[in-house]
file work-v9.cif (mmCIF, C-alpha atoms)
data_protein
loop_
_atom_site.group_PDB
_atom_site.id
_atom_site.type_symbol
_atom_site.label_atom_id
_atom_site.label_comp_id
_atom_site.auth_asym_id
_atom_site.auth_seq_id
_atom_site.Cartn_x
_atom_site.Cartn_y
_atom_site.Cartn_z
ATOM 1 C CA MET Z 1 -34.454 -10.202 12.860
ATOM 2 C CA ARG Z 2 -34.464 -10.609 9.078
ATOM 3 C CA GLU Z 3 -30.831 -9.537 8.833
ATOM 4 C CA MET Z 4 -29.822 -12.109 11.468
ATOM 5 C CA ILE Z 5 -31.564 -14.902 9.547
ATOM 6 C CA ILE Z 6 -29.809 -13.825 6.345
ATOM 7 C CA ARG Z 7 -26.481 -13.693 8.200
ATOM 8 C CA ILE Z 8 -27.044 -17.218 9.562
ATOM 9 C CA ALA Z 9 -27.862 -18.502 6.067
ATOM 10 C CA ILE Z 10 -24.740 -16.860 4.630
ATOM 11 C CA ASN Z 11 -22.634 -18.330 7.455
ATOM 12 C CA ALA Z 12 -24.155 -21.771 6.835
ATOM 13 C CA VAL Z 13 -23.188 -21.617 3.159
ATOM 14 C CA ALA Z 14 -19.694 -20.352 4.006
ATOM 15 C CA LEU Z 15 -19.162 -23.034 6.660
ATOM 16 C CA PHE Z 16 -20.361 -25.742 4.268
ATOM 17 C CA VAL Z 17 -17.896 -24.566 1.610
ATOM 18 C CA ALA Z 18 -15.072 -24.414 4.170
ATOM 19 C CA VAL Z 19 -15.813 -27.972 5.316
ATOM 20 C CA GLN Z 20 -15.684 -29.146 1.705
ATOM 21 C CA VAL Z 21 -12.522 -27.215 0.746
ATOM 22 C CA VAL Z 22 -10.278 -27.177 3.840
ATOM 23 C CA PRO Z 23 -9.040 -30.670 4.782
ATOM 24 C CA GLN Z 24 -8.387 -29.728 8.438
ATOM 25 C CA ILE Z 25 -12.027 -28.797 9.085
ATOM 26 C CA HIS Z 26 -14.188 -31.776 9.972
ATOM 27 C CA PHE Z 27 -17.926 -31.599 10.484
ATOM 28 C CA ASN Z 28 -19.845 -34.799 11.053
ATOM 29 C CA TYR Z 29 -23.426 -33.674 10.607
ATOM 30 C CA GLY Z 30 -24.604 -36.659 8.547
ATOM 31 C CA ASN Z 31 -28.173 -36.022 7.414
ATOM 32 C CA ASP Z 32 -28.828 -33.578 10.257
ATOM 33 C CA TRP Z 33 -28.785 -30.195 8.517
ATOM 34 C CA TRP Z 34 -29.974 -28.567 11.727
ATOM 35 C CA LYS Z 35 -26.486 -29.108 13.150
ATOM 36 C CA LEU Z 36 -25.042 -27.006 10.332
ATOM 37 C CA LEU Z 37 -27.601 -24.298 11.062
ATOM 38 C CA VAL Z 38 -26.815 -24.384 14.801
ATOM 39 C CA VAL Z 39 -23.080 -24.047 14.132
ATOM 40 C CA ALA Z 40 -23.852 -21.195 11.706
ATOM 41 C CA LEU Z 41 -25.961 -19.556 14.435
ATOM 42 C CA ILE Z 42 -23.085 -19.885 16.913
ATOM 43 C CA PHE Z 43 -20.717 -18.456 14.297
ATOM 44 C CA ALA Z 44 -23.063 -15.529 13.639
ATOM 45 C CA LEU Z 45 -23.406 -14.809 17.365
ATOM 46 C CA VAL Z 46 -19.642 -14.957 17.910
ATOM 47 C CA ASN Z 47 -19.044 -12.651 14.949
ATOM 48 C CA SER Z 48 -21.782 -10.260 16.090
ATOM 49 C CA TYR Z 49 -20.920 -9.937 19.758
ATOM 50 C CA ILE Z 50 -17.390 -11.144 20.559
ATOM 51 C CA LYS Z 51 -15.493 -10.237 17.381
ATOM 52 C CA PRO Z 52 -16.120 -6.450 17.592
ATOM 53 C CA ILE Z 53 -14.784 -6.389 21.148
ATOM 54 C CA VAL Z 54 -11.654 -8.317 20.164
ATOM 55 C CA LYS Z 55 -11.120 -6.096 17.106
ATOM 56 C CA ALA Z 56 -11.431 -2.956 19.232
ATOM 57 C CA LEU Z 57 -8.922 -4.284 21.757
ATOM 58 C CA SER Z 58 -6.485 -5.286 19.013
ATOM 59 C CA PHE Z 59 -6.691 -1.982 17.132
ATOM 60 C CA PRO Z 60 -3.094 -0.888 17.970
ATOM 61 C CA ILE Z 61 -1.705 -4.225 16.763
ATOM 62 C CA SER Z 62 -3.914 -4.000 13.687
ATOM 63 C CA MET Z 63 -2.448 -0.620 12.845
ATOM 64 C CA LEU Z 64 1.087 -1.973 13.185
ATOM 65 C CA THR Z 65 0.413 -5.000 10.987
ATOM 66 C CA LEU Z 66 -1.665 -3.030 8.464
ATOM 67 C CA GLY Z 67 -4.760 -5.099 9.227
ATOM 68 C CA LEU Z 68 -3.192 -8.536 8.845
ATOM 69 C CA VAL Z 69 -4.099 -9.393 12.433
ATOM 70 C CA ALA Z 70 -7.721 -9.594 11.219
ATOM 71 C CA PHE Z 71 -6.941 -13.040 9.769
ATOM 72 C CA VAL Z 72 -5.717 -14.181 13.175
ATOM 73 C CA ILE Z 73 -8.852 -12.788 14.838
ATOM 74 C CA ASN Z 74 -11.073 -14.582 12.320
ATOM 75 C CA ALA Z 75 -9.183 -17.828 12.938
ATOM 76 C CA ALA Z 76 -9.536 -17.395 16.693
ATOM 77 C CA MET Z 77 -13.288 -16.834 16.304
ATOM 78 C CA LEU Z 78 -13.504 -20.023 14.227
ATOM 79 C CA LEU Z 79 -11.651 -21.940 16.947
ATOM 80 C CA LEU Z 80 -14.061 -20.475 19.504
ATOM 81 C CA VAL Z 81 -16.977 -21.773 17.423
ATOM 82 C CA ALA Z 82 -15.344 -25.221 17.358
ATOM 83 C CA LEU Z 83 -14.991 -25.109 21.142
ATOM 84 C CA ALA Z 84 -18.653 -24.152 21.600
ATOM 85 C CA SER Z 85 -19.666 -26.826 19.097
ATOM 86 C CA ASP Z 86 -17.761 -29.437 21.072
ATOM 87 C CA ALA Z 87 -19.519 -28.383 24.268
ATOM 88 C CA LEU Z 88 -22.877 -28.856 22.507
ATOM 89 C CA LYS Z 89 -21.746 -32.157 20.873
ATOM 90 C CA LEU Z 90 -22.360 -30.929 17.320
ATOM 91 C CA GLY Z 91 -19.285 -32.536 15.746
ATOM 92 C CA PHE Z 92 -17.480 -29.463 14.364
ATOM 93 C CA LYS Z 93 -13.694 -29.813 14.728
ATOM 94 C CA ILE Z 94 -10.689 -28.068 13.273
ATOM 95 C CA GLY Z 95 -7.560 -30.184 12.961
ATOM 96 C CA GLY Z 96 -8.225 -32.121 16.167
ATOM 97 C CA PHE Z 97 -9.319 -29.073 18.165
ATOM 98 C CA PRO Z 98 -10.907 -29.493 20.610
ATOM 99 C CA PRO Z 99 -9.182 -30.994 22.654
ATOM 100 C CA ASP Z 100 -5.750 -30.727 20.984
ATOM 101 C CA LEU Z 101 -4.640 -27.267 19.883
ATOM 102 C CA ASN Z 102 -1.764 -27.954 17.528
ATOM 103 C CA ALA Z 103 -0.270 -26.436 14.374
ATOM 104 C CA ASP Z 104 -2.723 -28.364 12.202
ATOM 105 C CA ALA Z 105 -5.659 -26.738 14.004
ATOM 106 C CA ILE Z 106 -4.178 -23.257 13.748
ATOM 107 C CA VAL Z 107 -3.372 -23.590 10.033
ATOM 108 C CA GLY Z 108 -6.810 -25.085 9.397
ATOM 109 C CA ALA Z 109 -8.459 -22.223 11.265
ATOM 110 C CA LEU Z 110 -6.480 -19.626 9.293
ATOM 111 C CA ILE Z 111 -7.286 -21.205 5.929
ATOM 112 C CA GLY Z 112 -10.889 -21.788 6.983
ATOM 113 C CA ALA Z 113 -11.256 -18.171 8.068
ATOM 114 C CA ILE Z 114 -9.963 -16.994 4.692
ATOM 115 C CA VAL Z 115 -12.338 -19.313 2.807
ATOM 116 C CA ILE Z 116 -15.296 -18.289 4.991
ATOM 117 C CA SER Z 117 -14.477 -14.598 4.505
ATOM 118 C CA ILE Z 118 -14.294 -14.951 0.727
ATOM 119 C CA VAL Z 119 -17.489 -17.002 0.442
ATOM 120 C CA SER Z 120 -19.370 -14.701 2.828
ATOM 121 C CA ALA Z 121 -18.297 -11.638 0.863
ATOM 122 C CA VAL Z 122 -19.299 -13.161 -2.483
ATOM 123 C CA VAL Z 123 -22.681 -14.368 -1.205
ATOM 124 C CA SER Z 124 -23.353 -11.035 0.536
ATOM 125 C CA ILE Z 125 -22.579 -9.123 -2.661
ATOM 126 C CA ALA Z 126 -24.822 -11.473 -4.636
ATOM 127 C CA LEU Z 127 -27.716 -10.978 -2.185
ATOM 128 C CA THR Z 128 -27.389 -7.211 -1.826
ATOM 129 C CA PRO Z 129 -30.012 -5.342 -3.832
ATOM 130 C CA ARG Z 130 -28.542 -3.088 -6.497
ATOM 131 C CA ARG Z 131 -29.306 0.602 -6.846
ATOM 132 C CA LEU Z 132 -29.334 1.902 -10.358
ATOM 133 C CA PHE Z 133 -28.839 5.554 -9.472
#
call {"tool": "encode", "arguments": {"input": "work-v9.cif", "output": "structure tokens"}}
result
Amino acid sequence: MREMIIRIAINAVALFVAVQVVPQIHFNYGNDWWKLLVVALIFALVNSYIKPIVKALSFPISMLTLGLVAFVINAAMLLLVALASDALKLGFKIGGFPPDLNADAIVGALIGAIVISIVSAVVSIALTPRRLF
């Protein structure tokens, strides 16, 4: 349970940074920080349950592309979060998606996935306790 809460907090920070950095990602949460936490929870659930299945199914393609398909999978998971957010009326959109899936949404999802991966990795490293020996 503690690890899930930490993962949600890390995802919330990463999503906030992605919204600030990537111009295609729009998130109208106003003063409602709970919306950011709900989207981070959705993102954590998608990454915990759906992403491993998709990665396992795409393993042969991943071997052929030397792992570069992982960026596409991360972008697809981000688009899935935007779709779920739209169903819950949370205001998280990527380049007009949903409802319009266009090149702007795909590029925004790819760049957003890269930013979220980098921020998540940096924050996770910063929060991991160090062993001296």
call {"tool": "residues_around", "arguments": {"input": "work-v9.cif", "residues": "stretch 44-52 of chain Z", "least_positions_apart": "6", "cutoff": "9 Å", "atoms": "all atoms listed in the file", "output": "list in words"}}
result
Met4, Arg7, Ile8, Asn11, Ile73, Asn74, Met77, Leu78, Leu80 and Val81 of chain Z
call {"tool": "resolve_selection", "arguments": {"input": "work-v9.cif", "expression": "the PyMOL selection byres ((chain Z and resi 39) around 9)", "output": "ChimeraX atom specification"}}
result
/Z:11-12,15,34-38,40-44,81-82,84-85,90,92
call {"tool": "resolve_selection", "arguments": {"input": "work-v9.cif", "expression": "the PyMOL selection byres ((chain Z and resi 111-121) around 8)", "output": "ChimeraX atom specification"}}
result
/Z:10-11,13-15,17-18,22,25,71,74-75,78,107-110,122-125
call {"tool": "closest_residue", "arguments": {"input": "work-v9.cif", "among": "Z:Val72, Z:Leu88, Z:Ile106, Z:Met1", "to": "Z:Ser58", "atoms": "all atoms listed in the file"}}
result
Z:Val72
call {"tool": "residues_around", "arguments": {"input": "work-v9.cif", "residues": "Z:Leu79", "least_positions_apart": "6", "cutoff": "9 Å", "atoms": "all atoms listed in the file", "output": "list in words"}}
result
Lys93, Ile94, Phe97, Pro98, Ala105, Ile106 and Ala109 of chain Z
call {"tool": "atom_distance", "arguments": {"input": "work-v9.cif", "atom1": "atom CA of Z:Ala56", "atom2": "atom CA of Z:Ala126"}}
result
28.7 Å
call {"tool": "closest_residue", "arguments": {"input": "work-v9.cif", "among": "Z:Ala9, Z:Gly30, Z:Gln24, Z:Val54", "to": "Z:Ala103", "atoms": "only C-alpha atoms"}}
result
Z:Gln24
call {"tool": "atom_distance", "arguments": {"input": "work-v9.cif", "atom1": "atom CA of Z:His26", "atom2": "atom CA of Z:Val69"}}
result
24.7 Å
call {"tool": "build_atoms", "arguments": {"input": "work-v9.cif", "residues": "stretch 20-43 of chain Z", "atoms": "N, CA and C atoms", "output": "CSV table (one decimal), in the frame of the given file"}}
result
chain,number,residue,atom,x,y,z
Z,20,GLN,N,-16.0,-28.4,2.9
Z,20,GLN,CA,-15.7,-29.1,1.7
Z,20,GLN,C,-14.3,-28.9,1.2
Z,21,VAL,N,-13.8,-27.6,1.4
Z,21,VAL,CA,-12.5,-27.2,0.7
Z,21,VAL,C,-11.3,-27.4,1.6
Z,22,VAL,N,-11.4,-27.1,2.9
Z,22,VAL,CA,-10.3,-27.2,3.8
Z,22,VAL,C,-10.2,-28.6,4.5
Z,23,PRO,N,-9.1,-29.3,4.3
Z,23,PRO,CA,-9.0,-30.7,4.8
Z,23,PRO,C,-8.9,-30.7,6.3
Z,24,GLN,N,-8.5,-29.7,7.0
Z,24,GLN,CA,-8.4,-29.7,8.4
Z,24,GLN,C,-9.7,-29.5,9.2
Z,25,ILE,N,-10.7,-29.0,8.5
Z,25,ILE,CA,-12.0,-28.8,9.1
Z,25,ILE,C,-12.9,-30.0,8.9
Z,26,HIS,N,-13.3,-30.6,10.0
Z,26,HIS,CA,-14.2,-31.8,10.0
Z,26,HIS,C,-15.5,-31.4,10.6
Z,27,PHE,N,-16.6,-31.8,10.0
Z,27,PHE,CA,-17.9,-31.6,10.5
Z,27,PHE,C,-18.8,-32.8,10.2
Z,28,ASN,N,-19.1,-33.6,11.2
Z,28,ASN,CA,-19.8,-34.8,11.1
Z,28,ASN,C,-21.3,-34.5,11.4
Z,29,TYR,N,-22.0,-34.0,10.4
Z,29,TYR,CA,-23.4,-33.7,10.6
Z,29,TYR,C,-24.3,-34.7,10.0
Z,30,GLY,N,-23.8,-35.6,9.1
Z,30,GLY,CA,-24.6,-36.7,8.5
Z,30,GLY,C,-25.8,-36.1,7.8
Z,31,ASN,N,-27.0,-36.5,8.1
Z,31,ASN,CA,-28.2,-36.0,7.4
Z,31,ASN,C,-28.9,-35.0,8.3
Z,32,ASP,N,-28.2,-34.6,9.4
Z,32,ASP,CA,-28.8,-33.6,10.3
Z,32,ASP,C,-28.4,-32.2,9.9
Z,33,TRP,N,-29.1,-31.5,9.0
Z,33,TRP,CA,-28.8,-30.2,8.5
Z,33,TRP,C,-29.0,-29.2,9.6
Z,34,TRP,N,-29.8,-29.5,10.6
Z,34,TRP,CA,-30.0,-28.6,11.7
Z,34,TRP,C,-28.7,-28.3,12.5
Z,35,LYS,N,-27.8,-29.3,12.5
Z,35,LYS,CA,-26.5,-29.1,13.2
Z,35,LYS,C,-25.7,-28.0,12.4
Z,36,LEU,N,-25.7,-28.0,11.1
Z,36,LEU,CA,-25.0,-27.0,10.3
Z,36,LEU,C,-25.6,-25.6,10.6
Z,37,LEU,N,-26.9,-25.6,10.8
Z,37,LEU,CA,-27.6,-24.3,11.1
Z,37,LEU,C,-27.3,-23.8,12.5
Z,38,VAL,N,-27.2,-24.8,13.4
Z,38,VAL,CA,-26.8,-24.4,14.8
Z,38,VAL,C,-25.4,-23.9,14.9
Z,39,VAL,N,-24.5,-24.5,14.2
Z,39,VAL,CA,-23.1,-24.0,14.1
Z,39,VAL,C,-23.0,-22.7,13.4
Z,40,ALA,N,-23.8,-22.5,12.4
Z,40,ALA,CA,-23.9,-21.2,11.7
Z,40,ALA,C,-24.4,-20.1,12.6
Z,41,LEU,N,-25.4,-20.5,13.5
Z,41,LEU,CA,-26.0,-19.6,14.4
Z,41,LEU,C,-24.9,-19.2,15.5
Z,42,ILE,N,-24.2,-20.2,16.0
Z,42,ILE,CA,-23.1,-19.9,16.9
Z,42,ILE,C,-22.0,-19.0,16.3
Z,43,PHE,N,-21.7,-19.3,15.0
Z,43,PHE,CA,-20.7,-18.5,14.3
Z,43,PHE,C,-21.2,-17.0,14.1
